[in-house]
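First up is the structure itself, then whatever we jot down about it.
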2 protein chains.
Amino acid sequence: MVGESRRTTLADVARHADVSLATASRVLSGRGPASDAARRRVHEAAAELGYVPDPAARALATRGGTRVAVVVGGHSAHVLNDPYVGRVVAATAEVAAAREVGVSLHWLPLHDPAELGRLVEHRGIGGVVLVNPTTTALAVVPQAMRGRVAAIGIGSRDVPSFDVDNGAGAARVVEHLLASGRRRVAMITGPPWLPCTHRAAAAYRRVVGEAGSPVRLVPGDFTAARGGTASAEVMARWPDTDAVFALGDLTALGALAALRRAGVDVPGDVAVAGFDDIDFAALSRPALTTTTNPVEDIAAGAATAVLDRRRADPSTAYPSTLVLRESS
Amino acid sequence: MVGESRRTTLADVARHADVSLATASRVLSGRGPASDAARRRVHEAAAELGYVPDPAARALATRGGTRVAVVVGGHSAHVLNDPYVGRVVAATAEVAAAREVGVSLHWLPLHDPAELGRLVEHRGIGGVVLVNPTTTALAVVPQAMRGRVAAIGIGSRDVPSFDVDNGAGAARVVEHLLASGRRRVAMITGPPWLPCTHRAAAAYRRVVGEAGSPVRLVPGDFTAARGGTASAEVMARWPDTDAVFALGDLTALGALAALRRAGVDVPGDVAVAGFDDIDFAALSRPALTTTTNPVEDIAAGAATAVLDRRRADPSTAYPSTLVLRESS
DNA sequence: ATGAAAGCGCTAACAC
DNA sequence: GTGTTAGCGCTTTCAT
């Protein structure tokens with residue numbers, strides 16, 4: 001504890017435990033055989049000396065990389081400033097910290113998914129969490145990365161998917177709208193290029209169809225601004241619409257604001273519902289009805305799968321639960 | 001470009017440029033002498049071969065670490081889920097990516113700032129960005145970390161500070177409130193333990209004092225919930241208050257919602273102003289008057305200083321500009 | 001200015 | 001089950 005003493009290395013631990021370097025390595029890294037006695041002594045020594053492995057040295061020896069890349073698909077680099085991305089990165093960086101690795105953030109241009117291949121060439125990258133992947137992007141994932149890539153959004157044969165259960169969540173919202181007497185429910189979807197939002201639109205179609213209600217779909221892009229224009233489009237095209245369901249709370253909030261500005265009473269004339277349950281949803285007037293999106297859990301799941309090189313299920317769905325507030 | 005060829009190393013570059021490994025290293029890492037001829041040939045070779053240095057190997061040799069830690073002070077680990085932190089981490093991870101390093105996220109308990117010392121013992125950590133530091137936390141930064149730590153919030157002699165100009169920003173808000181006829185302006189501050197918010201409170205005191213208006217201060221904590229209770233406190237204690245200025249838009253929005261729920265007209269009876277200009281500020285009803293906070297720029301500045309081991313100015317202030325909307 | 005060689009701390013063959 | 005040894009790819013003395 002006295003100042004600048006050299007930090008303890010694996011060699012120190014081995015010496016202290018009176019075993020060879022190799023044995024100490026086997027015990028601490030978990031791979032390879034070791035007698036119970038050795039195992040115990042090494043662990044004791046490590047604890048006593050406060051040993052923490054050097055991630056750089058380990059990465060160099062295993063060629064494992066020292067960081068996981070969060071790669072976000074989108075039209076422009078601007079997607080990296082999305083609050084949703086911030087939540088994903090923060091959650092990833094938190095689980096990464098526990099494993100002595102870092103996180104870097106990258107934009108994957110929609111028009112050039114091959115960039116992903118170039119990106120993972122970098123030796124520092126030990127794993128990838130893909131956010132909002134497209135099928136073409138997934139197709140470009142190199143074989144060598146197998147088991148070290150996870151997607152938040154749709155997956156593929158080689159890339160396990162971690163995502164909120166869009167279909168069930170959306171269905172629940174529409175069912176609620178219908179159950180509370182709405183009959184002409186419009187939906188503002190996510191960006192058309194984003195496959196993981198298609199399930200939500202499909203669920204909407206199904207539920208609305210079964211109720212004998214008309215299908216009224218308008219494309220969105222998750223922004224508040226688009227919520228405003230999209231809701232205006234909806235009301236212009238189908239003036240008798242009595243509910244608007246937007247994929248993404250920001251869009252829903254934008255729609256809500258525009259509707260009220262246009263003199264429409266919410267929820268009197270038109271009900272509004274969102275998807276994600278962001279912080280602001282509870283703060284709007286009227287407060288927004290929406291469904292939860294456990295982004296942090298999802299990101300942590302994806303990050304864990306990547307970092308532990310776990311052979312994850314092809315698809316892990318996280319539940320989205322309805323939050324009833326005032327807007328519908 | 002044919003499949004699994006071993007990635008090019010510095011040795012390849014050296015061979016290709018017909019110089020020694022050492023020379024190639026000197027040229028590419030920028031330190032140490034080299035003839036112009038050698039310099040040129042190495043750069044050409046590197047470009048031609050598409051050489052990218054291995055961050056792990058470099059870190060191992062230089063003991064420089066492979067990641068920068070974003071360390072957030074707060075009462076509980078919950079602070080890591082704050083949207084503000086997400087923005088900081090994302091911006092940091094973006095500049096980190098360009099330098100082949102990663103970012104990890106850590107909570108620094110307020111009641112145990114010494115944890116910071118333990119944290120930076122980890123060899124993987126090459127630099128630290130401190131978010132919301134206290135003076136005690138700053139005092140704990142080890143000498144060995146000098147020049148590799150930056151703060152978003154207050155700094156110290158050894159730790160350069162990068163922050164929005166709280167004082168000027170707050171002053172401008174209060175001046176606006178006064179100029180538009182308000183006379184009894186209350187302020188909901190940030191958490192009392194957070195030194196970087198003191199300047200805002202001081203500015204409020206000064207401006208309000210110069211105008212001959214009363215000082216009405218109530219502590220906040222940046223949350224929307226506290227905005228609600230704090231505004232209730234304000235109105236109970238000083239019923240004739242005609243403006244509420246909250247540090248943090250979430251708090252302002254919480255106050256706004258509570259006020260309206262209590263039948264107070266905003267901005268008719270009471271004006272409300274915030275600080276940060278988060279996305280939702282434009283979406284509330286009435287839309288929130290506030291001042292901008294270039295979080296991404298600030299984080300990028302701090303991260304750059306740390307990563308480039310730049311000897312930064314002791315304090316870099318980023319401008320906060322007033323955004324007039326409907327709430328005041 | 002340049003090159004040879006010795007590490008940085010760890011893992012992974014390979015022999016015992 | 002355990003130890004010896006050779007790297008992983010880079011930086012950095014130290015000669016030249």
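Residue numbering restarts at 1 for every chain of the structure tokens, chains are lettered A, B, ... in their displayed order, and ligands are numbered from 1 as they appear.
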
Residues of chain C were defined as contacting chain B if any atom lay at most 8 Å from it, counting only C-alpha atoms (C1' of nucleotides); please report them as an mmCIF file with N, CA and C atoms (P, O5', C5', C4', C3', O3' and C1' of nucleotides), in the first residue's frame.
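Saved to part.cif:
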```cif
data_model
loop_
_atom_site.group_PDB
_atom_site.id
_atom_site.type_symbol
_atom_site.label_atom_id
_atom_site.label_comp_id
_atom_site.auth_asym_id
_atom_site.auth_seq_id
_atom_site.Cartn_x
_atom_site.Cartn_y
_atom_site.Cartn_z
ATOM 1 P P DA C 1 18.163 12.798 -36.652
ATOM 2 O "O5'" DA C 1 18.220 11.475 -37.525
ATOM 3 C "C5'" DA C 1 18.299 11.487 -38.939
ATOM 4 C "C4'" DA C 1 18.736 10.113 -39.367
ATOM 5 C "C3'" DA C 1 17.619 9.081 -39.371
ATOM 6 O "O3'" DA C 1 17.830 8.221 -40.492
ATOM 7 C "C1'" DA C 1 19.338 8.376 -37.906
ATOM 8 P P DT C 2 16.777 7.144 -40.894
ATOM 9 O "O5'" DT C 2 17.270 5.868 -40.127
ATOM 10 C "C5'" DT C 2 18.360 5.121 -40.676
ATOM 11 C "C4'" DT C 2 18.760 4.054 -39.708
ATOM 12 C "C3'" DT C 2 17.731 2.950 -39.488
ATOM 13 O "O3'" DT C 2 18.141 1.851 -40.281
ATOM 14 C "C1'" DT C 2 18.975 3.509 -37.516
ATOM 15 P P DG C 3 17.178 0.589 -40.430
ATOM 16 O "O5'" DG C 3 17.785 -0.376 -39.324
ATOM 17 C "C5'" DG C 3 19.156 -0.723 -39.428
ATOM 18 C "C4'" DG C 3 19.566 -1.581 -38.253
ATOM 19 C "C3'" DG C 3 18.625 -2.765 -37.963
ATOM 20 O "O3'" DG C 3 19.434 -3.895 -37.665
ATOM 21 C "C1'" DG C 3 18.857 -1.436 -36.024
ATOM 22 P P DC C 8 9.349 -6.626 -18.208
ATOM 23 O "O5'" DC C 8 7.925 -6.116 -18.698
ATOM 24 C "C5'" DC C 8 7.614 -4.726 -18.809
ATOM 25 C "C4'" DC C 8 6.279 -4.610 -19.492
ATOM 26 C "C3'" DC C 8 5.264 -5.635 -18.996
ATOM 27 O "O3'" DC C 8 4.448 -5.032 -17.993
ATOM 28 C "C1'" DC C 8 5.256 -5.424 -21.425
ATOM 29 P P DG C 9 4.344 -5.744 -16.566
ATOM 30 O "O5'" DG C 9 3.242 -6.866 -16.833
ATOM 31 C "C5'" DG C 9 1.935 -6.456 -17.201
ATOM 32 C "C4'" DG C 9 1.177 -7.657 -17.731
ATOM 33 C "C3'" DG C 9 1.098 -8.831 -16.755
ATOM 34 O "O3'" DG C 9 -0.265 -9.190 -16.639
ATOM 35 C "C1'" DG C 9 1.798 -9.563 -18.885
#
```

Report as CSV the residues of chain D within 9 Å of chain A, each with its shortest atom pair and distance in Å (one decimal), using only C-alpha atoms (C1' of nucleotides), ordered by chain and increasing residue number.
```
residue,atom,partner,partner_atom,distance
D:DG1,C1',A:Ala34,CA,5.9
D:DT2,C1',A:Thr23,CA,6.8
D:DG3,C1',A:Ser20,CA,6.0
D:DG7,C1',A:Ala61,CA,8.2
D:DC8,C1',A:Ala61,CA,4.6
D:DG9,C1',A:Leu60,CA,7.5
```

In stretch 3-59 of chain A, DSSP alpha helix (DSSP H) residues written as a PyMOL selection string: chain A and resi 10-17+21-29+36-49+55-59

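Residues within 9 Å of stretch 174-184 of chain A, counting only C-alpha atoms (C1' of nucleotides) and excluding same-chain residues fewer than 4 positions away, are Gly169, Ala170, Ala203, Tyr204, Val207, Val208, Ala211, Gly212, Ser213, Pro214, Val215, Arg216, Trp238, Asp240, Thr241, Asp242, Ala243, Val244, Phe245, Val270, Ala271, Val272, Ala273, Leu322 and Ser328 of chain A.
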
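Residues from chain A that have an atom within 6 Å of chain B, counting only C-alpha atoms, are Asp54, Pro55, Ala56, Ala57, Leu60, Arg67, Gly86, Arg87, Ala90, Ala93, Glu94, Ala97, Gly102, Val103, Ser104, Leu105, Arg123, Gly124 and Ser284 of chain A.
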
One-decimal distance in Å that lies between atom CA of A:Arg226 and atom CA of A:Pro195: 18.9 Å

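Atom CA of B:Arg199 is found 22.6 Å from atom CA of B:Leu108.
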
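Across stretch 4-146 of chain B, DSSP run on the backbone finds strand (DSSP E) at Arg67, Val68, Ala69, Val70, Val71, Val72, Gly73, Gly74, Gly102, Val103, Ser104, Leu105, His106, Trp107, Leu108, Pro109, Ile125, Gly126, Gly127, Val128, Val129, Leu130 and Val131 of chain B.
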